[in-house]
>>> print(open('coords.pdb').read())   # PDB, C-alpha atoms
ATOM      1  CA  MET A 801       1.278  29.630 -55.992
ATOM      2  CA  SER A 802      -2.360  28.657 -56.042
ATOM      3  CA  ARG A 803      -5.106  30.902 -54.703
ATOM      4  CA  ILE A 804      -8.581  30.532 -53.334
ATOM      5  CA  SER A 805     -11.145  32.974 -54.631
ATOM      6  CA  VAL A 806     -13.292  34.343 -51.839
ATOM      7  CA  PRO A 807     -16.298  36.643 -52.152
ATOM      8  CA  ALA A 808     -16.281  40.039 -50.548
ATOM      9  CA  VAL A 809     -16.723  39.854 -46.760
ATOM     10  CA  ALA A 810     -19.985  41.792 -46.955
ATOM     11  CA  ASN A 811     -21.462  39.004 -49.078
ATOM     12  CA  LEU A 812     -20.329  36.102 -46.893
ATOM     13  CA  PRO A 813     -23.003  34.233 -44.951
ATOM     14  CA  ARG A 814     -23.134  34.960 -41.218
ATOM     15  CA  ALA A 815     -21.813  31.494 -40.364
ATOM     16  CA  LEU A 816     -18.634  32.149 -42.337
ATOM     17  CA  CYS A 817     -18.190  35.575 -40.807
ATOM     18  CA  ALA A 818     -18.378  33.858 -37.430
ATOM     19  CA  LEU A 819     -15.450  31.568 -38.116
ATOM     20  CA  SER A 820     -11.873  32.796 -38.176
ATOM     21  CA  LEU A 821     -10.975  36.163 -39.630
ATOM     22  CA  SER A 822     -12.418  37.951 -42.475
ATOM     23  CA  VAL A 823      -9.940  38.021 -45.329
ATOM     24  CA  LEU A 824      -9.193  34.468 -46.516
ATOM     25  CA  LEU A 825      -5.933  34.158 -48.402
ATOM     26  CA  ALA A 826      -4.799  30.874 -49.818
ATOM     27  CA  ALA A 827      -1.600  29.178 -48.783
ATOM     28  CA  CYS A 828       1.463  31.198 -49.603
ATOM     29  CA  GLY A 829       4.048  28.479 -49.793
ATOM     30  CA  GLY A 830       3.072  26.915 -46.420
ATOM     31  CA  GLY A 831       0.582  24.260 -47.467
ATOM     32  CA  SER A 832      -1.048  22.846 -50.489
ATOM     33  CA  ASN A 833      -4.661  23.333 -51.478
ATOM     34  CA  ASN A 834      -5.023  19.644 -52.241
ATOM     35  CA  ASP A 835      -8.404  18.392 -50.989
ATOM     36  CA  SER A 836      -7.596  14.720 -51.591
ATOM     37  CA  ASN A 837      -7.555  14.074 -47.836
ATOM     38  CA  GLN A 838     -10.823  15.904 -47.192
ATOM     39  CA  SER A 839     -13.811  13.659 -46.430
ATOM     40  CA  SER A 840     -17.395  14.358 -45.537
ATOM     41  CA  SER A 841     -16.357  14.281 -41.873
ATOM     42  CA  SER A 842     -13.522  16.804 -42.342
ATOM     43  CA  VAL A 843     -13.730  20.198 -40.706
ATOM     44  CA  SER A 844     -15.215  22.863 -43.007
ATOM     45  CA  ALA A 845     -13.743  26.295 -43.590
ATOM     46  CA  ASP A 846     -16.462  27.818 -41.416
ATOM     47  CA  ALA A 847     -15.828  25.320 -38.635
ATOM     48  CA  ALA A 848     -12.057  25.856 -38.775
ATOM     49  CA  LYS A 849     -12.584  29.566 -38.324
ATOM     50  CA  ASN A 850     -15.036  29.125 -35.441
ATOM     51  CA  ALA A 851     -12.733  26.680 -33.667
ATOM     52  CA  SER A 852      -9.771  29.013 -34.111
ATOM     53  CA  ALA A 853     -11.622  32.079 -32.890
ATOM     54  CA  ASN A 854     -12.953  30.387 -29.759
ATOM     55  CA  THR A 855      -9.651  28.694 -28.938
ATOM     56  CA  ALA A 856      -7.910  32.064 -29.116
ATOM     57  CA  THR A 857     -10.413  33.778 -26.808
ATOM     58  CA  ILE A 858     -12.618  31.649 -24.540
ATOM     59  CA  PRO A 859      -9.895  29.944 -22.422
ATOM     60  CA  ASN A 860      -8.128  33.258 -21.848
ATOM     61  CA  ASP A 861     -11.399  35.031 -21.008
ATOM     62  CA  SER A 862     -12.318  32.240 -18.570
ATOM     63  CA  ALA A 863      -8.929  32.235 -16.829
ATOM     64  CA  THR A 864      -9.037  36.033 -16.621
ATOM     65  CA  ALA A 865     -12.526  35.969 -15.088
ATOM     66  CA  LEU A 866     -11.508  33.383 -12.479
ATOM     67  CA  SER A 867      -8.414  35.406 -11.586
ATOM     68  CA  ALA A 868     -10.648  38.461 -11.155
ATOM     69  CA  THR A 869     -12.885  36.623  -8.663
ATOM     70  CA  ILE A 870      -9.881  35.753  -6.467
ATOM     71  CA  GLU A 871      -8.472  39.285  -6.587
ATOM     72  CA  THR A 872     -11.892  40.760  -5.820
ATOM     73  CA  ALA A 873     -12.441  38.340  -2.929
ATOM     74  CA  GLU A 874      -9.089  39.324  -1.398
ATOM     75  CA  ALA A 875      -9.916  43.012  -1.742
ATOM     76  CA  VAL A 876     -13.316  42.552  -0.090
ATOM     77  CA  VAL A 877     -11.860  40.645   2.867
ATOM     78  CA  ALA A 878      -9.165  43.296   3.277
ATOM     79  CA  ALA A 879     -11.718  46.122   3.173
ATOM     80  CA  GLY A 880     -14.213  45.067   5.831
ATOM     81  CA  SER A 881     -15.523  42.634   8.388
ATOM     82  CA  ALA A 882     -17.563  39.485   7.901
ATOM     83  CA  SER A 883     -21.373  39.541   7.713
ATOM     84  CA  VAL A 884     -21.665  43.258   6.899
ATOM     85  CA  SER A 885     -22.065  45.008   3.542
ATOM     86  CA  ILE A 886     -18.713  46.220   2.248
ATOM     87  CA  ALA A 887     -18.257  48.996  -0.311
ATOM     88  CA  CYS A 888     -15.930  47.785  -3.066
ATOM     89  CA  ALA A 889     -13.105  50.173  -3.965
ATOM     90  CA  GLY A 890     -14.167  50.542  -7.601
ATOM     91  CA  GLY A 891     -17.931  50.513  -6.971
ATOM     92  CA  GLY A 892     -20.599  48.044  -5.913
ATOM     93  CA  THR A 893     -20.822  46.057  -2.700
ATOM     94  CA  ALA A 894     -20.033  42.640  -1.304
ATOM     95  CA  VAL A 895     -20.562  40.585   1.828
ATOM     96  CA  TYR A 896     -18.710  37.547   3.144
ATOM     97  CA  GLN A 897     -18.779  34.953   5.906
ATOM     98  CA  VAL A 898     -15.722  33.059   7.113
ATOM     99  CA  THR A 899     -14.871  30.088   9.301
ATOM    100  CA  GLY A 900     -11.428  28.766  10.119
ATOM    101  CA  PRO A 901      -9.214  26.777  12.466
ATOM    102  CA  ASP A 902      -7.721  29.812  14.226
ATOM    103  CA  ALA A 903     -10.303  32.269  15.572
ATOM    104  CA  SER A 904      -7.654  34.952  16.145
ATOM    105  CA  LEU A 905      -6.846  35.051  12.413
ATOM    106  CA  LEU A 906     -10.438  35.457  11.273
ATOM    107  CA  LEU A 907     -10.263  39.185  12.051
ATOM    108  CA  ASN A 908      -6.964  39.978  10.338
ATOM    109  CA  HIS A 909      -8.571  40.748   6.924
ATOM    110  CA  GLN A 910      -6.325  38.242   5.120
ATOM    111  CA  LEU A 911      -6.876  34.868   3.507
ATOM    112  CA  ASP A 912      -5.171  32.329   5.776
ATOM    113  CA  PRO A 913      -4.676  28.542   5.394
ATOM    114  CA  GLY A 914      -7.710  26.514   6.365
ATOM    115  CA  GLU A 915     -10.143  29.426   6.194
ATOM    116  CA  ASN A 916     -13.383  28.843   4.309
ATOM    117  CA  TYR A 917     -15.140  31.847   2.771
ATOM    118  CA  SER A 918     -18.595  32.377   1.326
ATOM    119  CA  LEU A 919     -18.823  35.588  -0.704
ATOM    120  CA  THR A 920     -21.593  37.410  -2.558
ATOM    121  CA  PHE A 921     -20.732  40.211  -5.008
ATOM    122  CA  ASN A 922     -23.065  42.930  -6.273
ATOM    123  CA  ASN A 923     -21.441  44.845  -9.159
ATOM    124  CA  CYS A 924     -18.227  44.723  -7.168
ATOM    125  CA  GLN A 925     -14.967  46.130  -8.567
ATOM    126  CA  ASN A 926     -11.758  46.056  -6.550
ATOM    127  CA  ALA A 927     -10.515  49.061  -8.560
ATOM    128  CA  SER A 928     -12.070  51.569 -10.938
ATOM    129  CA  ASP A 929     -10.628  49.893 -14.041
ATOM    130  CA  SER A 930     -10.947  46.260 -12.952
ATOM    131  CA  ALA A 931     -13.461  43.547 -13.794
ATOM    132  CA  THR A 932     -16.967  43.767 -12.319
ATOM    133  CA  VAL A 933     -18.099  40.672 -10.386
ATOM    134  CA  ASN A 934     -21.678  39.575  -9.611
ATOM    135  CA  GLY A 935     -22.877  36.411  -7.885
ATOM    136  CA  SER A 936     -21.824  33.991  -5.160
ATOM    137  CA  MET A 937     -18.795  31.771  -4.635
ATOM    138  CA  THR A 938     -17.040  29.768  -1.948
ATOM    139  CA  LEU A 939     -13.302  29.766  -1.393
ATOM    140  CA  LEU A 940     -11.172  27.452   0.749
ATOM    141  CA  VAL A 941      -7.581  28.512   1.376
ATOM    142  CA  ALA A 942      -5.519  25.359   0.854
ATOM    143  CA  SER A 943      -2.086  26.910   1.395
ATOM    144  CA  LYS A 944      -0.336  30.261   1.556
ATOM    145  CA  THR A 945       3.195  31.676   1.672
ATOM    146  CA  SER A 946       4.548  35.213   1.549
ATOM    147  CA  ASP A 947       4.257  35.350  -2.248
ATOM    148  CA  SER A 948       1.818  32.564  -3.205
ATOM    149  CA  ILE A 949      -1.619  31.189  -2.411
ATOM    150  CA  THR A 950      -3.622  28.130  -3.458
ATOM    151  CA  VAL A 951      -7.399  28.101  -3.135
ATOM    152  CA  ASP A 952     -10.208  25.694  -3.955
ATOM    153  CA  THR A 953     -13.172  27.601  -5.368
ATOM    154  CA  ALA A 954     -16.758  26.884  -6.351
ATOM    155  CA  THR A 955     -18.672  29.410  -8.446
ATOM    156  CA  ASN A 956     -22.402  29.362  -9.118
ATOM    157  CA  ASN A 957     -23.454  31.688 -11.934
ATOM    158  CA  VAL A 958     -20.785  34.227 -11.080
ATOM    159  CA  VAL A 959     -20.857  36.847 -13.857
ATOM    160  CA  VAL A 960     -17.602  38.696 -14.560
ATOM    161  CA  THR A 961     -17.592  41.707 -16.881
ATOM    162  CA  LEU A 962     -14.385  42.019 -18.915
ATOM    163  CA  PRO A 963     -13.367  44.526 -21.629
ATOM    164  CA  HIS A 964     -14.730  42.259 -24.411
ATOM    165  CA  GLY A 965     -17.954  41.104 -22.723
ATOM    166  CA  THR A 966     -19.109  38.921 -19.845
ATOM    167  CA  VAL A 967     -18.190  35.428 -18.690
ATOM    168  CA  THR A 968     -20.485  33.405 -16.406
ATOM    169  CA  LEU A 969     -18.575  30.883 -14.290
ATOM    170  CA  ASN A 970     -19.971  27.570 -13.027
ATOM    171  CA  GLY A 971     -17.929  24.855 -11.373
ATOM    172  CA  SER A 972     -15.152  24.008  -8.959
ATOM    173  CA  SER A 973     -11.459  24.727  -9.500
ATOM    174  CA  THR A 974      -8.081  24.752  -7.803
ATOM    175  CA  ILE A 975      -6.268  28.014  -8.418
ATOM    176  CA  SER A 976      -2.658  28.708  -7.461
ATOM    177  CA  ARG A 977      -1.208  32.201  -7.703
ATOM    178  CA  THR A 978       2.307  33.536  -7.308
ATOM    179  CA  ILE A 979       3.276  37.213  -7.211
ATOM    180  CA  THR A 980       6.844  38.437  -7.756
ATOM    181  CA  THR A 981       8.057  42.037  -7.755
ATOM    182  CA  SER A 982      11.168  43.521  -9.319
ATOM    183  CA  GLY A 983      11.496  47.287  -9.065
ATOM    184  CA  ASN A 984       8.345  48.854 -10.538
ATOM    185  CA  THR A 985       7.250  45.611 -12.217
ATOM    186  CA  THR A 986       4.950  43.024 -10.665
ATOM    187  CA  THR A 987       4.365  39.631 -12.289
ATOM    188  CA  THR A 988       1.301  37.604 -11.278
ATOM    189  CA  THR A 989       1.128  33.968 -12.387
ATOM    190  CA  THR A 990      -2.152  32.084 -11.943
ATOM    191  CA  HIS A 991      -2.484  28.327 -12.506
ATOM    192  CA  TRP A 992      -6.027  27.003 -13.103
ATOM    193  CA  VAL A 993      -6.772  23.280 -12.768
ATOM    194  CA  THR A 994     -10.154  21.519 -12.879
ATOM    195  CA  PRO A 995     -11.529  18.237 -14.256
ATOM    196  CA  ASN A 996     -14.610  20.015 -15.633
ATOM    197  CA  PHE A 997     -16.037  23.502 -15.741
ATOM    198  CA  SER A 998     -18.649  25.425 -17.717
ATOM    199  CA  VAL A 999     -18.877  29.034 -18.845
ATOM    200  CA  VAL A1000     -21.367  31.176 -20.719
ATOM    201  CA  SER A1001     -19.687  33.776 -22.894
ATOM    202  CA  ASN A1002     -21.429  36.933 -24.050
ATOM    203  CA  ARG A1003     -19.057  38.346 -26.652
ATOM    204  CA  ASN A1004     -19.550  40.279 -29.874
ATOM    205  CA  GLY A1005     -23.304  40.300 -29.279
ATOM    206  CA  ARG A1006     -23.452  36.476 -29.143
ATOM    207  CA  THR A1007     -24.191  34.311 -26.110
ATOM    208  CA  SER A1008     -22.687  30.811 -26.188
ATOM    209  CA  SER A1009     -22.164  28.016 -23.659
ATOM    210  CA  PHE A1010     -18.827  26.203 -23.381
ATOM    211  CA  SER A1011     -17.745  23.138 -21.417
ATOM    212  CA  PHE A1012     -14.149  22.564 -20.318
ATOM    213  CA  THR A1013     -12.660  19.235 -19.282
ATOM    214  CA  ASN A1014      -9.133  18.457 -18.060
ATOM    215  CA  VAL A1015      -8.162  22.108 -17.678
ATOM    216  CA  ASP A1016      -4.496  22.891 -17.002
ATOM    217  CA  ILE A1017      -3.959  26.551 -17.891
ATOM    218  CA  THR A1018      -1.494  29.153 -16.634
ATOM    219  CA  ARG A1019      -2.068  32.890 -17.057
ATOM    220  CA  THR A1020       0.612  35.519 -16.412
ATOM    221  CA  VAL A1021       0.070  39.260 -16.045
ATOM    222  CA  VAL A1022       2.871  41.837 -15.970
ATOM    223  CA  VAL A1023       2.145  45.258 -14.439
ATOM    224  CA  THR A1024       4.683  48.090 -14.665
ATOM    225  CA  ASN A1025       4.118  51.347 -12.781
ATOM    226  CA  GLY A1026       0.532  50.332 -12.135
ATOM    227  CA  VAL A1027      -0.279  49.611 -15.812
ATOM    228  CA  VAL A1028      -0.821  46.160 -17.357
ATOM    229  CA  THR A1029       1.910  45.891 -19.986
ATOM    230  CA  SER A1030       1.379  42.289 -21.092
ATOM    231  CA  THR A1031      -0.500  39.090 -20.418
ATOM    232  CA  SER A1032       0.189  35.564 -21.565
ATOM    233  CA  ILE A1033      -1.430  32.137 -21.416
ATOM    234  CA  ASP A1034      -0.272  28.569 -21.877
ATOM    235  CA  GLY A1035      -1.730  25.138 -21.271
ATOM    236  CA  THR A1036      -4.283  22.655 -22.512
ATOM    237  CA  SER A1037      -7.918  21.604 -22.178
ATOM    238  CA  THR A1038     -10.760  19.995 -24.064
ATOM    239  CA  LEU A1039     -13.394  22.571 -25.038
ATOM    240  CA  SER A1040     -16.910  21.772 -26.281
ATOM    241  CA  TRP A1041     -19.701  23.992 -27.584
ATOM    242  CA  VAL A1042     -22.619  24.231 -29.999
ATOM    243  CA  TRP A1043     -22.936  26.841 -32.736
ATOM    244  CA  PRO A1044     -25.301  27.241 -35.754
ATOM    245  CA  GLY A1045     -22.990  25.098 -37.885
ATOM    246  CA  GLY A1046     -23.030  22.123 -35.507
ATOM    247  CA  SER A1047     -21.424  20.904 -32.294
ATOM    248  CA  PHE A1048     -17.736  20.946 -31.470
ATOM    249  CA  SER A1049     -15.371  19.129 -29.154
ATOM    250  CA  ILE A1050     -11.713  20.012 -29.514
ATOM    251  CA  THR A1051      -8.547  19.566 -27.515
ATOM    252  CA  PHE A1052      -6.234  22.544 -27.670
ATOM    253  CA  THR A1053      -2.649  22.974 -26.538
ATOM    254  CA  THR A1054      -0.498  26.077 -26.687
ATOM    255  CA  GLN A1055       2.935  25.556 -28.190
ATOM    256  CA  GLY A1056       4.847  27.423 -25.529
ATOM    257  CA  THR A1057       3.387  30.709 -24.322
ATOM    258  CA  VAL A1058       0.842  32.824 -26.203
ATOM    259  CA  THR A1059       1.307  36.511 -25.457
ATOM    260  CA  CYS A1060      -1.526  39.052 -25.394
ATOM    261  CA  ASP A1061      -1.893  42.781 -24.925
ATOM    262  CA  GLY A1062      -3.349  44.339 -21.794
ATOM    263  CA  SER A1063      -6.927  43.698 -22.958
ATOM    264  CA  GLY A1064      -6.285  39.997 -23.621
ATOM    265  CA  THR A1065      -6.025  40.207 -27.423
ATOM    266  CA  PRO A1066      -3.456  37.674 -28.745
ATOM    267  CA  THR A1067      -0.311  39.190 -30.231
ATOM    268  CA  GLN A1068       2.102  36.268 -30.651
ATOM    269  CA  GLY A1069       1.953  32.496 -30.276
ATOM    270  CA  VAL A1070       0.831  29.095 -31.558
ATOM    271  CA  TRP A1071      -2.019  26.724 -30.627
ATOM    272  CA  THR A1072      -2.652  23.201 -31.881
ATOM    273  CA  ILE A1073      -6.277  22.040 -32.075
ATOM    274  CA  THR A1074      -7.073  18.336 -32.329
ATOM    275  CA  LEU A1075     -10.502  17.355 -33.672
ATOM    276  CA  PRO A1076     -11.912  13.841 -34.141
ATOM    277  CA  HIS A1077     -10.694  13.670 -37.762
ATOM    278  CA  ASP A1078      -8.473  16.697 -38.373
ATOM    279  CA  ARG A1079      -5.866  19.011 -36.875
ATOM    280  CA  ILE A1080      -5.667  22.805 -36.916
ATOM    281  CA  VAL A1081      -2.627  24.958 -36.168
ATOM    282  CA  ILE A1082      -3.216  28.614 -35.272
ATOM    283  CA  THR A1083      -0.253  30.975 -35.525
ATOM    284  CA  VAL A1084      -0.526  34.585 -34.357
ATOM    285  CA  VAL A1085       1.978  37.300 -35.188
ATOM    286  CA  PRO A1086       1.291  40.965 -34.485
ATOM    287  CA  GLY A1087      -1.935  41.849 -36.304
ATOM    288  CA  THR A1088      -2.285  38.604 -38.288
ATOM    289  CA  VAL A1089      -3.497  35.038 -37.719
ATOM    290  CA  MET A1090      -2.730  32.043 -39.937
ATOM    291  CA  VAL A1091      -5.017  28.995 -39.633
ATOM    292  CA  GLN A1092      -3.593  25.780 -41.115
ATOM    293  CA  VAL A1093      -5.867  22.755 -41.577
ATOM    294  CA  ASP A1094      -4.550  19.196 -41.776
ATOM    295  CA  TYR A1095      -7.339  16.967 -43.109
ATOM    296  CA  GLY A1096      -7.043  13.492 -41.628
ATOM    297  CA  ASN A1097      -4.331  14.608 -39.170
ATOM    298  CA  ASP A1098      -1.662  12.968 -41.310
ATOM    299  CA  GLY A1099       0.961  15.699 -40.929
ATOM    300  CA  THR A1100       0.205  17.425 -44.255
ATOM    301  CA  ILE A1101      -1.248  20.940 -44.294
ATOM    302  CA  ASP A1102      -4.110  20.933 -46.814
ATOM    303  CA  ARG A1103      -5.591  24.413 -46.355
ATOM    304  CA  VAL A1104      -4.252  27.726 -45.077
ATOM    305  CA  TYR A1105      -6.404  30.745 -44.183
ATOM    306  CA  THR A1106      -5.029  34.117 -43.139
ATOM    307  CA  PHE A1107      -6.991  36.724 -41.171
ATOM    308  CA  THR A1108      -6.476  39.869 -39.163
ATOM    309  CA  VAL A1109      -6.459  39.526 -35.392
ATOM    310  CA  THR A1110      -9.309  42.035 -35.193
ATOM    311  CA  ASP A1111     -11.510  39.917 -37.444
ATOM    312  CA  LEU A1112     -10.721  36.743 -35.517
ATOM    313  CA  MET A1113     -11.533  38.316 -32.150
ATOM    314  CA  GLY A1114     -14.742  39.687 -33.654
ATOM    315  CA  SER A1115     -15.931  36.240 -34.674
ATOM    316  CA  ALA A1116     -15.481  34.516 -31.311
ATOM    317  CA  GLY A1117     -18.439  33.412 -29.253
TER     318      GLY A1117
END
>>> encode(input="coords.pdb", output="structure tokens")
Amino acid sequence: MSRISVPAVANLPRALCALSLSVLLAACGGGSNNDSNQSSSSVSADAAKNASANTATIPNDSATALSATIETAEAVVAAGSASVSIACAGGGTAVYQVTGPDASLLLNHQLDPGENYSLTFNNCQNASDSATVNGSMTLLVASKTSDSITVDTATNNVVVTLPHGTVTLNGSSTISRTITTSGNTTTTTTHWVTPNFSVVSNRNGRTSSFSFTNVDITRTVVVTNGVVTSTSIDGTSTLSWVWPGGSFSITFTTQGTVTCDGSGTPTQGVWTITLPHDRIVITVVPGTVMVQVDYGNDGTIDRVYTFTVTDLMGSAG
């Protein structure tokens, strides 16, 4: 077994601490430490960590924030009439306008097919422990059944406050949601599709801008007896951003479903990240993340880094 010597975390430069998770352990049987495939264009250790951290957090945060805007919009429409200030159940206010093909349905306090909404949120929460939403959005109800709804949305600097920070949403999306109930358990599945979208993430004291293209992401939330017991995410997108170490454009794909706890922290799952010259595989098991780097994307793992989940989440943004 070969090992990589790493200085104490306290002595690492900030760029390295912002990359994947703080304790770097060399490959334990999984991959070699042979750098023969590494070129000047290969991803660095710092970059591999940054890419891993952001892949594990930003898409999930963004999908969660978009889901929160839909849920909050529904709650606002259910709570009051159009064109008047409405007190949100968890605090804050909101106002909405609506047009639609059936005038008799505009007063039923439900989202119905063909209805077009314009909403403005002011620190609005649809429940005391839910996300806080600020800003304006439009929402067109494309279709609806007893347990599902599909909407086309456009957000313009909508700021959503989540447990780990804020996400600012800009762009248009199609969002489909299905809700199923079995006994005391409710499962909500939200499918997010858009050709391009941008977000600004404020996480861990860092503010960073991210661009999505070709988004196809599904997020599932399970609530039992009124408490979120698990969340999960799967899908793919290309994600681009700039950080102090340079610019990034990656394409990520989950290998099956990545499960998270109620706060959105990953607990189990695998992502594959494709870069222009290299490939990264992120594997999460409870409490630990393994980042495998394949220089040259030739199928051989050349470097393996192991971190705690807490450290990885702390370096995102």
>>> closest_residue(input="coords.pdb", among="A:Thr938, A:Gln1068, A:Asn923, A:Asn860", to="Val1015 of chain A", atoms="all atoms listed in the file")
A:Asn860
>>> atom_distance(input="coords.pdb", atom1="atom CA of Val959 of chain A", atom2="atom CA of Gly935 of chain A")
6.3 Å
>>> resolve_selection(input="coords.pdb", expression="the PyMOL selection byres ((chain A and resi 1001) around 7)", output="list of chain:residue names")
A:Thr966, A:Val967, A:Thr968, A:Val999, A:Val1000, A:Asn1002, A:Arg1003, A:Thr1007, A:Ser1008, A:Ser1009, A:Gly1117
>>> resolve_selection(input="coords.pdb", expression="the PyMOL selection byres ((chain A and resi 949) around 10)", output="MDAnalysis selection string")
chainID A and resid 911:913 941:948 950:951 975:979 990
>>> resolve_selection(input="coords.pdb", expression="the PyMOL selection byres ((chain A and resi 1072) around 10)", output="list in words")
Ser852, Thr855, Thr1036, Ile1050, Thr1051, Phe1052, Thr1053, Thr1054, Gln1055, Val1070, Trp1071, Ile1073, Thr1074, Leu1075, Arg1079, Ile1080, Val1081, Ile1082, Thr1083, Val1091 and Gln1092 of chain A
>>> write_last_selection(input="coords.pdb", atoms="C-alpha atoms", output="PDB file, keeping the file's coordinate frame")
ATOM      1  CA  SER A 852      -9.771  29.013 -34.111  1.00  0.00           C
ATOM      2  CA  THR A 855      -9.651  28.694 -28.938  1.00  0.00           C
ATOM      3  CA  THR A1036      -4.283  22.655 -22.512  1.00  0.00           C
ATOM      4  CA  ILE A1050     -11.713  20.012 -29.514  1.00  0.00           C
ATOM      5  CA  THR A1051      -8.547  19.566 -27.515  1.00  0.00           C
ATOM      6  CA  PHE A1052      -6.234  22.544 -27.670  1.00  0.00           C
ATOM      7  CA  THR A1053      -2.649  22.974 -26.538  1.00  0.00           C
ATOM      8  CA  THR A1054      -0.498  26.077 -26.687  1.00  0.00           C
ATOM      9  CA  GLN A1055       2.935  25.556 -28.190  1.00  0.00           C
ATOM     10  CA  VAL A1070       0.831  29.095 -31.558  1.00  0.00           C
ATOM     11  CA  TRP A1071      -2.019  26.724 -30.627  1.00  0.00           C
ATOM     12  CA  ILE A1073      -6.277  22.040 -32.075  1.00  0.00           C
ATOM     13  CA  THR A1074      -7.073  18.336 -32.329  1.00  0.00           C
ATOM     14  CA  LEU A1075     -10.502  17.355 -33.672  1.00  0.00           C
ATOM     15  CA  ARG A1079      -5.866  19.011 -36.875  1.00  0.00           C
ATOM     16  CA  ILE A1080      -5.667  22.805 -36.916  1.00  0.00           C
ATOM     17  CA  VAL A1081      -2.627  24.958 -36.168  1.00  0.00           C
ATOM     18  CA  ILE A1082      -3.216  28.614 -35.272  1.00  0.00           C
ATOM     19  CA  THR A1083      -0.253  30.975 -35.525  1.00  0.00           C
ATOM     20  CA  VAL A1091      -5.017  28.995 -39.633  1.00  0.00           C
ATOM     21  CA  GLN A1092      -3.593  25.780 -41.115  1.00  0.00           C
TER      22      GLN A1092
END
>>> residues_around(input="coords.pdb", residues="Ser1011 of chain A", least_positions_apart="6", cutoff="9 Å", atoms="all atoms listed in the file", output="PyMOL selection string")
chain A and resi 996-1000+1038-1041
>>> closest_atom_pairs(input="coords.pdb", of="segment 850-884 of chain A", to="segment 1100-1114 of chain A", cutoff="10 Å", atoms="all atoms listed in the file", output="Markdown table")
| residue | atom | partner | partner_atom | distance |
| --- | --- | --- | --- | --- |
| A:Asn850 | CA | A:Leu1112 | CA | 8.8 |
| A:Ser852 | CA | A:Leu1112 | CA | 7.9 |
| A:Ala853 | CA | A:Leu1112 | CA | 5.4 |
| A:Asn854 | CA | A:Met1113 | CA | 8.4 |
| A:Ala856 | CA | A:Met1113 | CA | 7.8 |
| A:Thr857 | CA | A:Met1113 | CA | 7.1 |
>>> atom_distance(input="coords.pdb", atom1="atom CA of Gly1026 of chain A", atom2="atom CA of Val1084 of chain A")
27.3 Å
>>> atom_distance(input="coords.pdb", atom1="atom CA of Ser867 of chain A", atom2="atom CA of Thr974 of chain A")
11.3 Å
>>> residues_around(input="coords.pdb", residues="Ala887 of chain A", least_positions_apart="3", cutoff="10 Å", atoms="all atoms listed in the file", output="JSON list (two decimals) with C-alpha atoms, keeping the file's coordinate frame")
[["chain", "number", "residue", "atom", "x", "y", "z"],
["A", 876, "VAL", "CA", -13.32, 42.55, -0.09],
["A", 879, "ALA", "CA", -11.72, 46.12, 3.17],
["A", 880, "GLY", "CA", -14.21, 45.07, 5.83],
["A", 884, "VAL", "CA", -21.66, 43.26, 6.90],
["A", 890, "GLY", "CA", -14.17, 50.54, -7.60],
["A", 891, "GLY", "CA", -17.93, 50.51, -6.97],
["A", 892, "GLY", "CA", -20.60, 48.04, -5.91],
["A", 893, "THR", "CA", -20.82, 46.06, -2.70],
["A", 894, "ALA", "CA", -20.03, 42.64, -1.30],
["A", 895, "VAL", "CA", -20.56, 40.58, 1.83],
["A", 922, "ASN", "CA", -23.06, 42.93, -6.27],
["A", 924, "CYS", "CA", -18.23, 44.72, -7.17],
["A", 925, "GLN", "CA", -14.97, 46.13, -8.57],
["A", 926, "ASN", "CA", -11.76, 46.06, -6.55]]
>>> closest_residue(input="coords.pdb", among="A:Ser1037, A:Asn984, A:Thr1029, A:Thr869", to="Ala954 of chain A", atoms="only C-alpha atoms")
A:Thr869
